[in-house]
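Single-structure report; data block below.
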Amino acid sequence: MASQHPSLDPTVARVTERIRERSAERRALYEQRMENQHRRGVHRSELSCGNLAHGFAACGSEDKNQLKLMNSANLGIISSYNDMLSAHQPFETYPDVIRDAARRMGSTAQFAGGVPAMCDGVTQGQPGMELSLFSRDVIAMATAVGLSHNMFDAALYLGVCDKIVPGLFIGAARFGHLPALFVPAGPMPSGLPNKEKARVRQLFTEGKVGRDELLEAESQSYHSPGTCTFYGTANSNQLMMEFMGLHLPGASFVNPGTEMREALTRFATEQAIRNTESGGEYRPFYRQIDARAIVNAMVGLLASGGSTNHTLHLVAMAAAAGITINWDDFAELSAAVPSLTRVYPNGQADINHFQAAGGMSLLIRELLNAGLIHGDLPTVFGTDMTSYTQEPFLEDGKLIWREGPTESLDPDVLRPVANPFAATGGLNVLNGNLGRGVIKVSAVESQHRVVEAPVKIFEDQNELKASFDSGDLDRDVIVVVRFQGPKANGMPELHKLTPYLGVLQDRGYHVALVTDGRMSGASGKVPAAIHITPEAIDGGPLSRLRNGDLVRLDADKGELTALVNEREWTDRPQYVTELDHYHVGLGRELFGGFRHLAMRAEEGAGVFGGFENDDLARQQGLIHDEDA
């Protein structure tokens, strides 16, 4: 069994303290605001009779009577259900399960609001992908709208995929006076092995199989309700929620449609009620999520080879809770955190194999025992993180928790700290005269991590296919795809490029990608310098590059440099391109304000500038000069 609170690793302790110091003023103001919201009332008693009558008009008589009494809890359900996303389709039945479980506790639950949930797998390489990153902020706002009625004593957040959980988290943070519990749906059962899926994709790219064969392979891989089983952003979200104590222990990777999945949803409802003031143990979000929780999430991501998208999302999520983190924090932790998992694209196993090998309970146990995560973090379970070495079981139909395995059942998938796959977490920060970015090297073989080659520049990812087909890329090359940042076109995923670059690398060429856009957590073996900031449209140095310039990318040393004479580089004008075609069609014109407000990548690439602004806070009477 994990020791209660082993000594914290010096690097983890140092980074945590640095984050606390950096965030002190912002965090204090956040906590003050949440306390003020709590004092203004989390209860329906704050509403007038007319307000309240509107709030329960559609309820049945049993729920109406409970809501009139004021002494029981009412849960708000925020759900990202739609039946187009396989990961979110199971949420269709959750509200009925939650309402029934709440009634059995003498309480109530209401569907407070739905939030949009788009699928990057559907929009990959399409214009709709340019709405994807900004959907995170729309989800946060939709969450706020759903909870704005002040009818609720706690909230359950139903979400899984890429922007959805970060958006729900940001919304939950701004309603941080409410207890919050995140409720997942789980991964689909394993289908076509990832290695075979990748093989067919590459054959299609080379023209060796047709679209029918490709579609059949994709259909066998993504084949049923549940989250995609590779370790991309969606499953990274679930891991982070558990590392922050916002899930029940062991809830992240239980398949949908099972008896265990429903039992966990019922228990989550009951626990949310227990966490309310009327339940006797008031556990609001803002007292639970602090610098320790954010560091735990970062360490969990690094140890598992999680999605690089969280170098954007987690920054924005932390900011919503009054905490400031940056890429240096990720990099310093990465140097101290070993790589403990091999799940596709970092290996051939999928998330179900990870779960069977020991899953979250073993991963958390290993990191706890090594002092790499904060064990004293309060959780929705009512304990600290030491309870998260346990797994849920059904015993005579009743949900219980027992200690999970102490050793890996498959060391090819999950290993102990004493025998890691690699000594570091595999995420590096890049710096140089091309700006600042991040690179994930956990799936990149060591011989491919340093590339020095002439650049081939694209302003649209769809241009690359024609260049590939013509043979123009059959050489050592660094592909640059610029004007792909949040201000330019919403920072779409560029995962569509991966098969082409993979083919070139397999042909023996030295290949890399450099972009101010994003790459998916599903990206793998080709070195990709991503999220380059400042972005090209924002005066970033990528706009100075010209075709044929020699660039050096050294993932190990964290260097990204255009090998151009310094005087020439300084004097060279920035290239300007026409972007209007990115801004219309498929609703993109509605997001002009988002593009205008978007912050830089290391700031989270969102539109919420300063959550905690001192001048505004003074105007609102939240703080006074003598309190500053």
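Identifiers for the structure tokens are assigned positionally: chains receive A, B, ... in sequence, residues are indexed from 1 per chain, and ligands are indexed from 1 in the order shown.
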From a backbone DSSP assignment, name each residue in region 84-115 of chain A labelled helix (DSSP H, G or I), as a PyMOL selection string.
chain A and resi 89-104
Show which residues sit within 7 Å of region 320-333 of chain A, as a PyMOL selection string. Count only C-alpha atoms, and ignore same-chain residues fewer than 5 positions away.
chain A and resi 11-12+15+19+22-23+26-27+30+170+173-174+291+298-299+311+315+427-429+602+611
Measuring between only C-alpha atoms, which one of A:Leu301, A:Leu246, A:Ala528, A:Val584 shows the shortest distance to Tyr388 (chain A)?
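Among A:Leu301, A:Leu246, A:Ala528, A:Val584, it is A:Leu246 that comes nearest to Tyr388 (chain A).
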Quick one: everything within 8 Å of Arg402 (chain A), counting only C-alpha atoms, minus sequence neighbours fewer than 5 positions away in the same chain. Send it as a CSV table (one decimal) with N, CA, C and O atoms, in the first residue's frame.
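What ended up in out.csv:
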```csv
chain,number,residue,atom,x,y,z
A,390,GLN,N,-6.7,2.8,-5.0
A,390,GLN,CA,-7.7,1.8,-4.9
A,390,GLN,C,-8.5,1.7,-6.3
A,390,GLN,O,-8.5,2.6,-7.1
A,391,GLU,N,-9.2,0.5,-6.4
A,391,GLU,CA,-10.0,0.3,-7.6
A,391,GLU,C,-11.4,0.0,-7.2
A,391,GLU,O,-11.6,-0.7,-6.1
A,392,PRO,N,-12.4,0.3,-8.0
A,392,PRO,CA,-13.8,0.0,-7.7
A,392,PRO,C,-14.1,-1.5,-8.0
A,392,PRO,O,-13.6,-2.0,-9.1
A,393,PHE,N,-14.9,-2.1,-7.2
A,393,PHE,CA,-15.4,-3.5,-7.5
A,393,PHE,C,-16.9,-3.5,-7.1
A,393,PHE,O,-17.4,-2.8,-6.2
```
A:Tyr286, A:Tyr81, A:Phe182, A:Phe267: which is nearest Gln238 (chain A), counting only C-alpha atoms?
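Among A:Tyr286, A:Tyr81, A:Phe182, A:Phe267, it is A:Phe182 that comes nearest to Gln238 (chain A).
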Report as a count of residues only all protein, DNA and RNA residues lying within 6 Å of Asp350 (chain A), evaluated on only C-alpha atoms, omitting residues in the same chain fewer than 3 positions from it.
5
Name all residues at most 12 Å from region 505-510 of chain A (count only C-alpha atoms; drop same-chain ones fewer than 6 positions away) and give them as a list in words.
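That gives Arg199, Gln202, Glu206, Val444, Glu445, Gln447, His448, Arg449, Val450, Val451, Glu452, Ala453, Pro454, Val455, Leu473, Asp474, Arg475, Asp476, Val477, Ile478, Val479, Thr498, Pro499, Gly524, Lys525, Val526, Pro527, Arg552 and Leu553 of chain A.
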Restricting the calculation to only C-alpha atoms, which member of A:Lys557, A:Arg567, A:His596, A:His177 is positioned closest to Arg287 (chain A)?
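Comparing A:Lys557, A:Arg567, A:His596, A:His177 against Arg287 (chain A), the winner is A:His177.
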DSSP strand (DSSP E) selection over region 423-508 of chain A, as a ChimeraX atom specification:
/A:427-432,435-440,450-458,477-481
N, CA, C and O atoms of the current selection, written as an mmCIF file, in the first residue's frame:
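Final output, saved to result_28.cif:
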```cif
data_model
loop_
_atom_site.group_PDB
_atom_site.id
_atom_site.type_symbol
_atom_site.label_atom_id
_atom_site.label_comp_id
_atom_site.auth_asym_id
_atom_site.auth_seq_id
_atom_site.Cartn_x
_atom_site.Cartn_y
_atom_site.Cartn_z
ATOM 1 N N LEU A 427 8.715 15.706 -22.753
ATOM 2 C CA LEU A 427 8.198 16.976 -23.279
ATOM 3 C C LEU A 427 9.268 18.038 -23.086
ATOM 4 O O LEU A 427 9.749 18.244 -21.972
ATOM 5 N N ASN A 428 9.662 18.695 -24.165
ATOM 6 C CA ASN A 428 10.674 19.740 -24.094
ATOM 7 C C ASN A 428 10.120 21.054 -24.606
ATOM 8 O O ASN A 428 9.230 21.084 -25.466
ATOM 9 N N VAL A 429 10.686 22.140 -24.079
ATOM 10 C CA VAL A 429 10.398 23.479 -24.594
ATOM 11 C C VAL A 429 11.507 23.852 -25.559
ATOM 12 O O VAL A 429 12.690 23.589 -25.302
ATOM 13 N N LEU A 430 11.122 24.440 -26.680
ATOM 14 C CA LEU A 430 12.079 24.868 -27.703
ATOM 15 C C LEU A 430 12.211 26.387 -27.682
ATOM 16 O O LEU A 430 11.208 27.104 -27.569
ATOM 17 N N ASN A 431 13.440 26.866 -27.801
ATOM 18 C CA ASN A 431 13.696 28.298 -27.873
ATOM 19 C C ASN A 431 14.690 28.575 -28.989
ATOM 20 O O ASN A 431 15.533 27.735 -29.314
ATOM 21 N N GLY A 432 14.602 29.757 -29.565
ATOM 22 C CA GLY A 432 15.538 30.149 -30.602
ATOM 23 C C GLY A 432 15.010 31.346 -31.353
ATOM 24 O O GLY A 432 14.000 31.944 -30.965
ATOM 25 N N GLY A 435 11.273 31.626 -32.284
ATOM 26 C CA GLY A 435 10.248 31.759 -31.264
ATOM 27 C C GLY A 435 10.362 30.684 -30.204
ATOM 28 O O GLY A 435 11.442 30.123 -29.977
ATOM 29 N N ARG A 436 9.253 30.389 -29.610
ATOM 30 C CA ARG A 436 9.204 29.465 -28.477
ATOM 31 C C ARG A 436 8.073 28.477 -28.729
ATOM 32 O O ARG A 436 6.979 28.859 -29.167
ATOM 33 N N GLY A 437 8.338 27.196 -28.497
ATOM 34 C CA GLY A 437 7.320 26.188 -28.730
ATOM 35 C C GLY A 437 7.568 24.966 -27.868
ATOM 36 O O GLY A 437 8.439 24.963 -26.990
ATOM 37 N N VAL A 438 6.793 23.923 -28.123
ATOM 38 C CA VAL A 438 6.942 22.677 -27.374
ATOM 39 C C VAL A 438 7.092 21.519 -28.353
ATOM 40 O O VAL A 438 6.670 21.604 -29.512
ATOM 41 N N ILE A 439 7.698 20.445 -27.867
ATOM 42 C CA ILE A 439 7.846 19.235 -28.671
ATOM 43 C C ILE A 439 7.710 18.028 -27.763
ATOM 44 O O ILE A 439 8.237 18.003 -26.653
ATOM 45 N N LYS A 440 6.978 17.048 -28.221
ATOM 46 C CA LYS A 440 6.794 15.795 -27.493
ATOM 47 C C LYS A 440 7.662 14.744 -28.176
ATOM 48 O O LYS A 440 7.503 14.463 -29.362
ATOM 49 N N VAL A 450 17.097 15.184 -33.840
ATOM 50 C CA VAL A 450 17.854 16.339 -34.322
ATOM 51 C C VAL A 450 17.760 16.355 -35.848
ATOM 52 O O VAL A 450 18.158 15.398 -36.506
ATOM 53 N N VAL A 451 17.196 17.430 -36.383
ATOM 54 C CA VAL A 451 17.038 17.561 -37.834
ATOM 55 C C VAL A 451 17.545 18.935 -38.245
ATOM 56 O O VAL A 451 17.135 19.962 -37.694
ATOM 57 N N GLU A 452 18.448 18.957 -39.212
ATOM 58 C CA GLU A 452 18.918 20.205 -39.810
ATOM 59 C C GLU A 452 18.719 20.087 -41.314
ATOM 60 O O GLU A 452 19.317 19.230 -41.960
ATOM 61 N N ALA A 453 17.832 20.912 -41.848
ATOM 62 C CA ALA A 453 17.453 20.761 -43.261
ATOM 63 C C ALA A 453 16.827 22.044 -43.774
ATOM 64 O O ALA A 453 16.378 22.894 -42.991
ATOM 65 N N PRO A 454 16.755 22.205 -45.111
ATOM 66 C CA PRO A 454 16.057 23.350 -45.690
ATOM 67 C C PRO A 454 14.556 23.239 -45.420
ATOM 68 O O PRO A 454 14.007 22.145 -45.292
ATOM 69 N N VAL A 455 13.915 24.388 -45.363
ATOM 70 C CA VAL A 455 12.483 24.407 -45.077
ATOM 71 C C VAL A 455 11.680 24.458 -46.362
ATOM 72 O O VAL A 455 12.112 25.010 -47.378
ATOM 73 N N LYS A 456 10.508 23.853 -46.293
ATOM 74 C CA LYS A 456 9.472 24.001 -47.315
ATOM 75 C C LYS A 456 8.275 24.594 -46.597
ATOM 76 O O LYS A 456 7.758 24.010 -45.629
ATOM 77 N N ILE A 457 7.818 25.758 -47.053
ATOM 78 C CA ILE A 457 6.825 26.533 -46.305
ATOM 79 C C ILE A 457 5.445 26.389 -46.937
ATOM 80 O O ILE A 457 5.286 26.475 -48.158
ATOM 81 N N PHE A 458 4.456 26.199 -46.070
ATOM 82 C CA PHE A 458 3.050 26.147 -46.485
ATOM 83 C C PHE A 458 2.251 27.107 -45.604
ATOM 84 O O PHE A 458 2.540 27.277 -44.421
ATOM 85 N N VAL A 477 13.979 17.496 -45.196
ATOM 86 C CA VAL A 477 13.156 18.714 -45.240
ATOM 87 C C VAL A 477 12.525 18.980 -43.879
ATOM 88 O O VAL A 477 12.150 18.053 -43.151
ATOM 89 N N ILE A 478 12.449 20.245 -43.535
ATOM 90 C CA ILE A 478 11.645 20.680 -42.397
ATOM 91 C C ILE A 478 10.424 21.393 -42.973
ATOM 92 O O ILE A 478 10.557 22.445 -43.621
ATOM 93 N N VAL A 479 9.286 20.792 -42.791
ATOM 94 C CA VAL A 479 8.026 21.356 -43.275
ATOM 95 C C VAL A 479 7.552 22.415 -42.276
ATOM 96 O O VAL A 479 7.432 22.143 -41.081
ATOM 97 N N VAL A 480 7.314 23.611 -42.769
ATOM 98 C CA VAL A 480 6.803 24.705 -41.941
ATOM 99 C C VAL A 480 5.386 25.018 -42.396
ATOM 100 O O VAL A 480 5.156 25.315 -43.578
ATOM 101 N N VAL A 481 4.457 24.912 -41.467
ATOM 102 C CA VAL A 481 3.066 25.297 -41.749
ATOM 103 C C VAL A 481 2.744 26.455 -40.817
ATOM 104 O O VAL A 481 2.617 26.278 -39.613
#
```
Fewer than 3 positions away in the same chain doesn't count, so skip those; otherwise give me all residues within 7 Å of Gln288 (chain A), counting only C-alpha atoms, as a list of chain:residue names.
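The filter keeps A:Pro284, A:Phe285, A:Pro378, A:Thr379.
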Could you check which of A:Gly548, A:Leu560, A:Leu85, A:Pro166 is closest to His223 (chain A), using only C-alpha atoms?
A:Leu85
